[in-house]
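S.K.: My structure is in model_13.cif, and what it holds is mmCIF, C-alpha atoms:
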data_upload
#
loop_
_atom_site.label_atom_id
_atom_site.label_comp_id
_atom_site.auth_asym_id
_atom_site.auth_seq_id
_atom_site.Cartn_x
_atom_site.Cartn_y
_atom_site.Cartn_z
CA MET A 305 -87.65 -66.68 -14.86
CA THR A 306 -85.98 -63.98 -16.95
CA HIS A 307 -88.00 -65.12 -19.97
CA GLN A 308 -91.34 -65.20 -18.17
CA THR A 309 -93.54 -62.55 -16.69
CA PRO A 310 -93.95 -62.84 -12.89
CA ILE A 311 -97.58 -63.91 -13.12
CA ASP A 312 -96.48 -66.94 -15.17
CA ALA A 313 -93.16 -67.68 -13.47
CA LEU A 314 -94.66 -67.61 -9.97
CA ARG A 315 -97.88 -69.46 -10.73
CA GLU A 316 -97.02 -72.44 -8.50
CA VAL A 317 -96.32 -70.35 -5.39
CA MET A 318 -99.16 -67.85 -5.82
CA PRO A 319 -102.72 -68.48 -4.59
CA LEU A 320 -104.90 -70.47 -6.99
CA SER A 321 -106.93 -67.37 -7.80
CA ALA A 322 -103.92 -65.15 -8.58
CA ALA A 323 -104.07 -63.29 -11.86
CA ALA A 324 -103.06 -59.95 -13.35
CA ASN A 325 -105.35 -57.38 -14.92
CA GLU A 326 -104.62 -55.72 -18.25
CA ASP A 327 -102.51 -53.08 -16.49
CA GLY A 328 -100.33 -55.76 -14.88
CA VAL A 329 -101.69 -55.31 -11.37
CA LEU A 330 -101.86 -58.47 -9.25
CA ARG A 331 -105.34 -59.70 -8.40
CA ILE A 332 -106.08 -62.26 -5.67
CA GLY A 333 -109.54 -63.66 -5.12
CA GLY A 334 -110.79 -61.22 -7.74
CA CYS A 335 -109.46 -58.24 -5.76
CA ASP A 336 -106.96 -55.69 -7.09
CA VAL A 337 -104.06 -55.55 -4.60
CA ARG A 338 -103.53 -51.86 -5.33
CA GLU A 339 -107.06 -51.18 -4.18
CA LEU A 340 -106.55 -53.40 -1.14
CA ALA A 341 -103.42 -51.42 -0.23
CA ARG A 342 -105.33 -48.15 -0.54
CA GLU A 343 -108.13 -49.39 1.70
CA PHE A 344 -106.21 -51.36 4.31
CA GLY A 345 -102.64 -50.04 4.08
CA THR A 346 -99.38 -51.97 4.04
CA PRO A 347 -97.85 -54.23 5.21
CA LEU A 348 -100.94 -56.29 4.46
CA TYR A 349 -101.47 -60.04 4.56
CA ILE A 350 -103.96 -61.26 1.97
CA TYR A 351 -105.49 -64.75 2.20
CA ASP A 352 -107.30 -66.42 -0.67
CA GLU A 353 -110.21 -68.37 0.80
CA HIS A 354 -110.57 -70.52 -2.31
CA THR A 355 -107.00 -71.83 -1.99
CA ILE A 356 -107.51 -72.79 1.66
CA ARG A 357 -110.73 -74.63 0.93
CA GLN A 358 -109.37 -76.41 -2.12
CA THR A 359 -106.29 -77.58 -0.23
CA CYS A 360 -108.42 -78.95 2.61
CA ARG A 361 -110.60 -80.86 0.14
CA GLU A 362 -107.58 -82.34 -1.62
CA TYR A 363 -106.10 -83.62 1.63
CA LEU A 364 -109.33 -85.32 2.70
CA ARG A 365 -109.96 -86.73 -0.77
CA ASP A 366 -106.45 -88.11 -1.22
CA PHE A 367 -106.04 -89.65 2.23
CA GLN A 368 -109.56 -91.03 2.48
CA SER A 369 -109.20 -92.66 -0.94
CA GLN A 370 -106.24 -94.60 0.50
CA MET A 371 -107.57 -95.05 4.05
CA PRO A 372 -111.35 -94.70 4.39
CA GLY A 373 -112.21 -92.76 7.51
CA ALA A 374 -108.88 -90.95 7.68
CA ARG A 375 -109.13 -87.57 9.38
CA ALA A 376 -107.17 -84.35 9.04
CA HIS A 377 -106.33 -82.02 11.90
CA TYR A 378 -104.91 -78.64 10.97
CA ALA A 379 -101.67 -77.85 12.85
CA SER A 380 -102.75 -74.49 14.18
CA LYS A 381 -99.27 -73.27 15.12
CA ALA A 382 -98.89 -72.46 11.41
CA TRP A 383 -101.48 -69.66 11.70
CA LEU A 384 -104.72 -69.42 13.62
CA SER A 385 -107.63 -67.03 13.69
CA PRO A 386 -111.38 -67.42 14.28
CA ALA A 387 -111.95 -66.70 10.58
CA LEU A 388 -109.71 -69.61 9.59
CA VAL A 389 -111.29 -71.94 12.17
CA GLU A 390 -114.72 -71.29 10.64
CA ILE A 391 -113.41 -72.41 7.24
CA LEU A 392 -111.74 -75.51 8.69
CA VAL A 393 -114.95 -76.55 10.46
CA GLU A 394 -116.93 -76.17 7.24
CA GLU A 395 -114.34 -78.25 5.35
CA GLY A 396 -114.42 -81.11 7.87
CA PHE A 397 -111.02 -80.57 9.50
CA GLY A 398 -110.17 -81.00 13.14
CA LEU A 399 -107.47 -78.99 14.88
CA ASP A 400 -104.20 -79.45 16.75
CA VAL A 401 -103.22 -76.89 19.39
CA VAL A 402 -100.08 -76.45 21.48
CA SER A 403 -101.18 -73.85 24.04
CA ALA A 404 -104.13 -72.56 26.00
CA GLY A 405 -104.15 -69.56 23.68
CA GLU A 406 -104.54 -71.69 20.57
CA LEU A 407 -107.22 -73.76 22.31
CA HIS A 408 -109.09 -70.59 23.28
CA VAL A 409 -109.06 -69.24 19.71
CA ALA A 410 -110.08 -72.64 18.32
CA LEU A 411 -113.11 -72.79 20.58
CA ALA A 412 -113.98 -69.16 19.84
CA GLY A 413 -113.92 -69.95 16.13
CA GLY A 414 -116.46 -72.73 16.54
CA MET A 415 -114.29 -75.87 16.56
CA GLU A 416 -115.86 -78.64 18.65
CA ALA A 417 -113.61 -79.61 21.55
CA GLU A 418 -113.89 -83.28 20.60
CA GLN A 419 -112.16 -82.47 17.29
CA ILE A 420 -109.14 -80.88 19.00
CA GLY A 421 -105.86 -82.55 19.92
CA PHE A 422 -103.60 -80.85 22.49
CA HIS A 423 -99.88 -81.17 21.71
CA GLY A 424 -96.71 -79.72 23.21
CA ASN A 425 -93.72 -80.68 25.32
CA GLY A 426 -94.28 -78.10 28.05
CA LYS A 427 -97.97 -78.11 28.92
CA THR A 428 -98.51 -76.33 32.23
CA PRO A 429 -100.91 -77.54 34.95
CA ALA A 430 -103.22 -74.65 34.07
CA GLU A 431 -103.20 -75.57 30.40
CA LEU A 432 -103.96 -79.22 31.07
CA ALA A 433 -106.78 -78.21 33.41
CA TYR A 434 -108.20 -75.94 30.71
CA ALA A 435 -108.00 -78.78 28.19
CA LEU A 436 -109.82 -81.16 30.54
CA ASP A 437 -112.46 -78.55 31.38
CA SER A 438 -112.97 -77.87 27.67
CA GLY A 439 -113.36 -81.56 26.83
CA VAL A 440 -110.66 -81.79 24.17
CA GLY A 441 -110.79 -85.01 22.22
CA ARG A 442 -107.18 -86.06 22.66
CA ILE A 443 -104.23 -84.99 24.74
CA ILE A 444 -100.99 -86.07 23.08
CA VAL A 445 -98.76 -86.88 26.05
CA ASP A 446 -95.16 -85.86 25.48
CA ASN A 447 -93.10 -86.76 28.56
CA ASP A 448 -93.01 -88.47 31.97
CA ASP A 449 -93.79 -85.37 34.01
CA GLU A 450 -96.81 -84.57 31.89
CA LEU A 451 -98.04 -88.15 32.18
CA ALA A 452 -97.80 -88.03 35.98
CA LEU A 453 -99.54 -84.64 36.13
CA LEU A 454 -102.33 -85.75 33.83
CA ASP A 455 -102.81 -88.91 35.88
CA ASP A 456 -103.21 -86.80 39.05
CA LEU A 457 -105.59 -84.32 37.40
CA THR A 458 -107.87 -86.98 35.99
CA ARG A 459 -107.87 -88.94 39.28
CA SER A 460 -108.88 -85.85 41.24
CA ARG A 461 -111.72 -85.18 38.81
CA ALA A 462 -112.68 -88.83 38.23
CA THR A 463 -112.85 -87.85 34.56
CA GLU A 464 -111.63 -90.14 31.78
CA GLN A 465 -109.45 -88.54 29.12
CA GLN A 466 -108.38 -90.09 25.85
CA VAL A 467 -104.66 -89.70 25.19
CA MET A 468 -102.09 -90.61 22.59
CA LEU A 469 -98.40 -91.08 23.36
CA ARG A 470 -95.95 -89.10 21.28
CA ILE A 471 -93.07 -91.38 20.35
CA THR A 472 -89.67 -90.24 19.12
CA PRO A 473 -88.72 -92.97 16.62
CA GLY A 474 -85.12 -91.89 15.96
CA VAL A 475 -85.69 -91.09 12.27
CA ASP A 476 -83.86 -88.32 10.39
CA ALA A 477 -86.42 -86.19 8.53
CA GLN A 478 -83.70 -84.61 6.36
CA THR A 479 -84.89 -81.08 6.96
CA HIS A 480 -83.59 -77.99 8.78
CA GLU A 481 -81.93 -78.81 12.10
CA LYS A 482 -84.22 -76.37 13.90
CA THR A 483 -87.37 -78.04 12.56
CA THR A 484 -86.48 -81.72 12.77
CA THR A 485 -88.24 -83.47 15.65
CA GLY A 486 -87.99 -87.23 15.12
CA LEU A 487 -84.37 -87.77 16.10
CA ARG A 488 -83.43 -89.47 19.35
CA ASP A 489 -81.89 -86.21 20.60
CA SER A 490 -85.13 -84.22 20.56
CA LYS A 491 -87.00 -82.28 23.20
CA PHE A 492 -90.22 -83.87 21.93
CA GLY A 493 -91.73 -87.24 22.76
CA PHE A 494 -90.86 -90.48 24.52
CA PRO A 495 -87.61 -91.90 23.06
CA LEU A 496 -88.12 -95.32 21.55
CA PRO A 497 -84.63 -96.92 21.54
CA SER A 498 -84.05 -96.29 25.28
CA GLY A 499 -87.19 -98.11 26.40
CA GLN A 500 -88.78 -94.94 27.77
CA ALA A 501 -91.68 -95.20 25.35
CA GLU A 502 -92.56 -98.68 26.59
CA SER A 503 -92.38 -97.71 30.26
CA ALA A 504 -94.58 -94.67 29.53
CA LEU A 505 -97.19 -96.89 27.91
CA VAL A 506 -97.21 -99.22 30.92
CA ARG A 507 -97.75 -96.30 33.31
CA ALA A 508 -100.44 -94.80 31.11
CA LEU A 509 -102.29 -98.11 30.95
CA GLU A 510 -102.21 -98.31 34.75
CA ALA A 511 -103.72 -94.81 35.13
CA PRO A 512 -107.41 -95.37 35.94
CA PHE A 513 -108.78 -92.38 34.02
CA LEU A 514 -106.49 -92.36 30.98
CA ASP A 515 -107.60 -94.16 27.83
CA VAL A 516 -104.59 -94.69 25.58
CA THR A 517 -105.98 -94.69 22.04
CA GLY A 518 -102.67 -95.05 20.21
CA PHE A 519 -99.40 -93.49 19.15
CA HIS A 520 -98.30 -90.28 17.52
CA ILE A 521 -95.07 -89.39 15.73
CA HIS A 522 -93.92 -86.18 14.08
CA LEU A 523 -90.63 -86.17 12.20
CA GLY A 524 -90.19 -82.51 11.37
CA SER A 525 -91.13 -79.93 8.77
CA PRO A 526 -91.11 -79.25 5.89
CA LEU A 527 -90.58 -82.76 4.50
CA PHE A 528 -89.94 -82.59 0.76
CA ASN A 529 -88.62 -86.16 0.94
CA ILE A 530 -91.50 -88.56 1.62
CA GLU A 531 -89.42 -91.59 2.58
CA PRO A 532 -88.85 -90.60 6.24
CA TYR A 533 -92.59 -91.11 6.78
CA ALA A 534 -92.21 -94.74 5.69
CA ASP A 535 -89.20 -95.20 7.98
CA GLY A 536 -91.01 -93.70 10.96
CA ILE A 537 -94.16 -95.75 10.37
CA ALA A 538 -92.18 -98.98 10.02
CA THR A 539 -90.46 -98.26 13.34
CA ILE A 540 -93.67 -97.44 15.17
CA GLY A 541 -95.39 -100.46 13.65
CA GLU A 542 -92.74 -102.75 15.11
CA PHE A 543 -93.13 -101.01 18.48
CA ALA A 544 -96.92 -101.45 18.36
CA ALA A 545 -96.45 -105.16 17.68
CA GLN A 546 -94.09 -105.50 20.63
CA MET A 547 -96.55 -103.70 22.92
CA LYS A 548 -99.30 -106.09 21.83
CA GLN A 549 -97.12 -109.12 22.53
CA ARG A 550 -95.68 -107.91 25.85
CA HIS A 551 -98.60 -106.03 27.37
CA GLY A 552 -101.67 -107.05 25.39
CA TYR A 553 -102.09 -103.48 24.19
CA GLU A 554 -103.61 -102.97 20.74
CA TRP A 555 -103.58 -99.55 19.11
CA ARG A 556 -106.83 -98.03 17.90
CA GLU A 557 -105.44 -94.77 16.53
CA PHE A 558 -102.24 -93.60 14.90
CA SER A 559 -100.96 -90.30 13.60
CA PRO A 560 -97.89 -90.01 11.37
CA GLY A 561 -97.91 -86.29 12.18
CA GLY A 562 -97.64 -83.48 9.69
CA GLY A 563 -94.69 -81.73 8.10
CA MET A 564 -96.06 -81.73 4.56
CA ALA A 565 -93.97 -79.30 2.53
CA LEU A 566 -94.86 -76.04 0.82
CA SER A 567 -93.39 -74.58 -2.36
CA TYR A 568 -91.84 -71.29 -1.28
CA THR A 569 -89.83 -70.72 -4.44
CA ALA A 570 -90.52 -71.52 -8.08
CA ASP A 571 -87.51 -73.83 -8.38
CA ARG A 572 -88.51 -76.23 -5.57
CA THR A 573 -91.86 -77.96 -5.90
CA ALA A 574 -93.44 -79.68 -2.91
CA PRO A 575 -94.98 -83.13 -3.38
CA ALA A 576 -98.73 -83.17 -4.03
CA SER A 577 -100.98 -84.39 -1.21
CA GLU A 578 -101.79 -87.55 -3.16
CA ARG A 579 -98.12 -88.57 -3.03
CA TYR A 580 -97.99 -88.16 0.74
CA ALA A 581 -101.25 -90.08 1.03
CA ALA A 582 -100.11 -92.98 -1.12
CA ARG A 583 -96.76 -93.43 0.64
CA ILE A 584 -98.11 -93.03 4.17
CA ALA A 585 -101.03 -95.37 3.54
CA ASP A 586 -98.79 -98.00 1.96
CA ALA A 587 -96.42 -97.87 4.93
CA ILE A 588 -99.25 -98.23 7.46
CA HIS A 589 -100.85 -101.13 5.57
CA THR A 590 -97.46 -102.82 5.28
CA ALA A 591 -96.76 -102.43 9.00
CA CYS A 592 -100.15 -103.86 9.92
CA ASP A 593 -99.82 -106.79 7.52
CA THR A 594 -96.27 -107.54 8.61
CA HIS A 595 -97.04 -107.60 12.33
CA GLY A 596 -100.63 -108.80 12.33
CA LEU A 597 -101.95 -105.52 13.68
CA PRO A 598 -105.45 -104.11 13.16
CA MET A 599 -105.66 -101.09 10.87
CA PRO A 600 -105.85 -98.07 13.20
CA ASP A 601 -107.90 -94.97 12.67
CA VAL A 602 -105.46 -92.53 11.09
CA HIS A 603 -105.29 -88.77 11.26
CA ILE A 604 -102.78 -86.46 9.65
CA GLU A 605 -101.70 -82.99 10.76
CA PRO A 606 -100.91 -80.68 7.83
CA GLY A 607 -100.24 -77.07 8.75
CA ARG A 608 -98.17 -74.79 6.54
CA SER A 609 -99.25 -76.59 3.38
CA VAL A 610 -102.92 -75.78 4.10
CA VAL A 611 -102.51 -72.02 4.41
CA GLY A 612 -99.05 -71.17 3.09
CA ARG A 613 -99.88 -70.82 -0.59
CA ALA A 614 -103.11 -68.99 0.22
CA GLY A 615 -101.27 -66.05 1.78
CA VAL A 616 -99.46 -63.15 0.11
CA ALA A 617 -97.58 -60.44 2.00
CA LEU A 618 -97.96 -57.01 0.41
CA TYR A 619 -95.44 -54.24 1.13
CA SER A 620 -94.72 -50.71 -0.09
CA VAL A 621 -91.26 -49.56 -1.19
CA VAL A 622 -89.97 -46.92 1.24
CA SER A 623 -86.37 -46.48 0.07
CA ARG A 624 -83.82 -47.62 -2.53
CA LYS A 625 -80.05 -47.83 -2.29
CA HIS A 626 -77.42 -48.77 -4.86
CA ILE A 627 -73.89 -49.62 -3.77
CA PRO A 628 -71.67 -49.69 -6.90
CA GLU A 629 -70.16 -53.10 -7.62
CA THR A 630 -71.78 -54.48 -4.45
CA ARG A 631 -75.56 -54.60 -4.14
CA ALA A 632 -78.82 -52.80 -4.78
CA TYR A 633 -81.30 -52.64 -1.92
CA VAL A 634 -85.02 -52.01 -1.98
CA THR A 635 -86.41 -51.44 1.50
CA VAL A 636 -90.07 -52.08 2.29
CA ASP A 637 -92.32 -51.05 5.16
CA GLY A 638 -92.28 -54.46 6.83
CA GLY A 639 -89.67 -57.12 7.52
CA MET A 640 -88.57 -59.39 10.31
CA ALA A 641 -91.33 -58.31 12.71
CA ASP A 642 -93.92 -59.83 10.38
CA ASN A 643 -91.63 -62.45 8.78
CA ILE A 644 -88.79 -63.69 10.98
CA ARG A 645 -88.19 -66.84 8.90
CA PRO A 646 -85.45 -65.56 6.57
CA ALA A 647 -83.45 -64.30 9.56
CA MET A 648 -84.17 -67.37 11.70
CA TYR A 649 -84.05 -70.22 9.18
CA GLU A 650 -82.43 -68.57 6.12
CA SER A 651 -85.74 -69.26 4.39
CA LYS A 652 -86.02 -68.40 0.71
CA TYR A 653 -88.92 -66.53 -0.86
CA GLU A 654 -89.90 -65.05 -4.21
CA ALA A 655 -90.72 -61.37 -4.69
CA ALA A 656 -92.78 -59.69 -7.39
CA ALA A 657 -93.56 -56.12 -8.35
CA ALA A 658 -97.29 -56.33 -7.71
CA GLU A 659 -98.12 -53.52 -10.15
CA GLN A 660 -95.86 -54.85 -12.92
CA MET A 661 -96.89 -58.49 -13.19
CA HIS A 662 -96.60 -58.41 -17.01
CA THR A 663 -93.08 -56.92 -16.94
CA ILE A 664 -90.16 -59.31 -17.36
CA PRO A 665 -87.76 -58.50 -14.48
CA SER A 666 -84.24 -57.40 -15.36
CA LEU A 667 -82.63 -56.14 -12.14
CA THR A 668 -81.12 -58.09 -9.26
CA VAL A 669 -81.97 -56.44 -5.95
CA THR A 670 -82.18 -57.40 -2.30
CA VAL A 671 -85.53 -56.77 -0.65
CA ALA A 672 -84.70 -55.53 2.84
CA GLY A 673 -86.92 -54.93 5.83
CA LYS A 674 -87.11 -51.71 7.80
CA PHE A 675 -85.97 -53.08 11.15
CA CYS A 676 -82.77 -52.23 12.98
CA GLU A 677 -80.93 -55.47 12.16
CA SER A 678 -78.54 -56.23 9.31
CA GLY A 679 -80.15 -59.65 9.16
CA ASP A 680 -83.53 -58.15 8.32
CA VAL A 681 -83.56 -59.23 4.68
CA LEU A 682 -86.72 -60.73 3.20
CA VAL A 683 -85.45 -61.80 -0.24
CA ARG A 684 -81.81 -61.72 -1.27
CA ASP A 685 -80.93 -61.31 -4.96
CA ALA A 686 -84.49 -61.08 -6.23
CA LEU A 687 -85.19 -60.43 -9.91
CA LEU A 688 -87.41 -57.35 -10.15
CA PRO A 689 -88.11 -54.53 -12.59
CA SER A 690 -87.23 -50.95 -11.76
CA LEU A 691 -89.31 -49.81 -8.79
CA GLN A 692 -90.54 -46.43 -7.65
CA LEU A 693 -91.11 -45.22 -4.10
CA GLY A 694 -94.52 -46.32 -2.88
CA GLU A 695 -94.75 -49.15 -5.39
CA LEU A 696 -96.05 -52.48 -4.13
CA ILE A 697 -94.01 -55.67 -3.68
CA ALA A 698 -95.76 -59.00 -3.16
CA ILE A 699 -94.12 -61.97 -1.46
CA PRO A 700 -96.13 -65.15 -2.08
CA ALA A 701 -96.27 -68.33 0.01
CA SER A 702 -96.60 -66.11 3.09
CA GLY A 703 -99.68 -67.63 4.68
CA ALA A 704 -98.14 -69.90 7.30
CA TYR A 705 -95.55 -69.08 9.94
CA GLN A 706 -95.07 -65.41 9.11
CA ILE A 707 -98.07 -64.11 11.04
CA ALA A 708 -97.81 -66.96 13.56
CA MET A 709 -94.28 -65.87 14.51
CA GLU A 710 -94.74 -62.11 14.22
CA SER A 711 -93.68 -59.68 16.91
CA ASN A 712 -93.73 -56.03 17.89
CA TYR A 713 -89.97 -55.70 17.42
CA ASN A 714 -88.97 -52.03 17.25
CA LEU A 715 -92.57 -51.57 18.49
CA ALA A 716 -93.81 -52.04 14.95
CA LEU A 717 -97.55 -52.31 14.47
CA ARG A 718 -98.83 -55.75 13.55
CA PRO A 719 -100.29 -55.77 10.03
CA ALA A 720 -103.91 -56.10 9.01
CA ILE A 721 -105.18 -59.37 7.51
CA VAL A 722 -107.85 -59.66 4.84
CA MET A 723 -109.62 -62.71 3.44
CA VAL A 724 -110.57 -62.44 -0.23
CA GLN A 725 -112.97 -64.41 -2.41
CA ASP A 726 -115.03 -63.69 -5.53
CA GLY A 727 -114.06 -60.03 -5.59
CA ASP A 728 -114.92 -59.37 -1.93
CA ALA A 729 -112.35 -58.49 0.72
CA ARG A 730 -113.16 -59.18 4.36
CA LEU A 731 -111.02 -57.65 7.10
CA VAL A 732 -110.39 -60.47 9.60
CA ARG A 733 -107.82 -58.63 11.72
CA ARG A 734 -107.39 -54.88 11.92
CA ARG A 735 -104.00 -53.24 11.96
CA GLN A 736 -102.62 -52.44 15.39
CA THR A 737 -102.61 -48.83 16.44
CA LEU A 738 -100.07 -46.90 18.45
CA ASP A 739 -102.47 -46.90 21.40
CA ASP A 740 -102.65 -50.70 21.22
CA LEU A 741 -98.98 -50.80 22.14
CA LEU A 742 -99.81 -49.28 25.53
CA HIS A 743 -102.82 -51.41 26.44
CA LEU A 744 -100.85 -53.88 28.57
CA GLU A 745 -98.61 -51.30 30.20
CA LEU A 746 -99.28 -50.20 33.79
#
What would the structure in this file look like if it were written as structure tokens?
M.R.:
Amino acid sequence: MTHQTPIDALREVMPLSAAANEDGVLRIGGCDVRELAREFGTPLYIYDEHTIRQTCREYLRDFQSQMPGARAHYASKAWLSPALVEILVEEGFGLDVVSAGELHVALAGGMEAEQIGFHGNGKTPAELAYALDSGVGRIIVDNDDELALLDDLTRSRATEQQVMLRITPGVDAQTHEKTTTGLRDSKFGFPLPSGQAESALVRALEAPFLDVTGFHIHLGSPLFNIEPYADGIATIGEFAAQMKQRHGYEWREFSPGGGMALSYTADRTAPASERYAARIADAIHTACDTHGLPMPDVHIEPGRSVVGRAGVALYSVVSRKHIPETRAYVTVDGGMADNIRPAMYESKYEAAAAEQMHTIPSLTVTVAGKFCESGDVLVRDALLPSLQLGELIAIPASGAYQIAMESNYNLALRPAIVMVQDGDARLVRRRQTLDDLLHLEL
């Protein structure tokens, strides 16, 4: 990176439309980030609409070329807003939700209820009732208590609901321990080796108003290694064959989940969607051929990889500190309230001086947040040029879980969000105000 300008070195983690003008100022979607900062302030989250749309199209193209009719449901826990839902609808995506709040926003954004799947290991009675009232297409049943509750709710309404069973296949996804979900010791899903998955299927088939369409697995995220998908699919294929033999049940649908990776740093490239598609499709076809199963309708659930690259977090430098023979700090006006991931997962990011994109960086500094925690560090040992107070720092690959996991820690104001395309910037969420912090207080 020391021999490349930031605009070249960070090309693979920046939005597709990222460029620099002749003065070295970062441009996204044809918009000058300096002008965006002047108009909307910082911290500011900037989303490139072109990158979102292009990523959606690539997923559908690559998976449908391998499995005609394959569908894609965006995993909305990565980031959700009505503005994003509108784009997803136009691009032919469905949606996965894990709460009544996500369902409410999805419907408000124009997503048809039939195209929504309701996930989660702790759905409350009120949430399940809301899902049934809304007419969601699928409820992905996660555990015995939920199955019993859903059976009661549908009986009392005499309303049929299509469901999928989430199965825990006992496969190591080889990712962070806090984001792996396919192991036997997981809070998610019906464990397969213990026989609980089979007993859940039997009970679900006996429920008069539940239509079991198939099985769902999710191994974790982000999965840079594609092979765990093949392992999980082989396991679930064998289970499906056993259920056909023992109970006469034949799957109609299957989801291998999501977890597709995102390139957060320039030195670690995520697999292209066509690689995921080819491996997943091959594994499903192999399982069906091996066990004499019909080819199910398949849907995938990408989340972070759809929006992550599209988003850039923009901050202003508020202080600098040099500790001789120790470290140089640059503190910005955001931090762990808008991006908890470095503190929570030790996640790595790149940083760039957004007004010096043609300058080869020469200094090693730590980009720190403003919050009252020593762990509030956004990028440790970043290569940056000399920075002045008020200068802008951009952190790419910030479109996924940053905003989704944000908080009002230290009673910080939540940042504004803009969507950019073809030189136009559209404010899709205003910045919080001080008065907003009091609106729920009595």
S.K.: Any idea what the distance is between CA of Asp637 (chain A) and CA of Cys676 (chain A)?
M.R.: 12.4 Å
S.K.: Pick out the closest residue to Pro526 (chain A) from this set: A:Leu667, A:Ala544, A:Leu717, A:Ala704. Count only C-alpha atoms.
M.R.: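 Selected residue with least distance to Pro526 (chain A): A:Ala704.
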S.K.: Quote the spacing between CA of Pro606 (chain A) and CA of Ile707 (chain A) in Å to one decimal place.
M.R.: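 Between CA of Pro606 (chain A) and CA of Ile707 (chain A) the gap works out to 17.1 Å.
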S.K.: Could you state the separation of CA of Asn325 (chain A) and CA of Ile311 (chain A) in Å, given to one decimal place?
M.R.: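 Going from CA of Asn325 (chain A) over to CA of Ile311 (chain A), I get 10.3 Å.
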S.K.: With all atoms listed in the file as the counted atoms, please give the residues lying no more than 6 Å from Val616 (chain A), apart from itself and same-chain residues fewer than 4 positions off, as a PyMOL selection string.
M.R.: chain A and resi 349-350+699-700+702
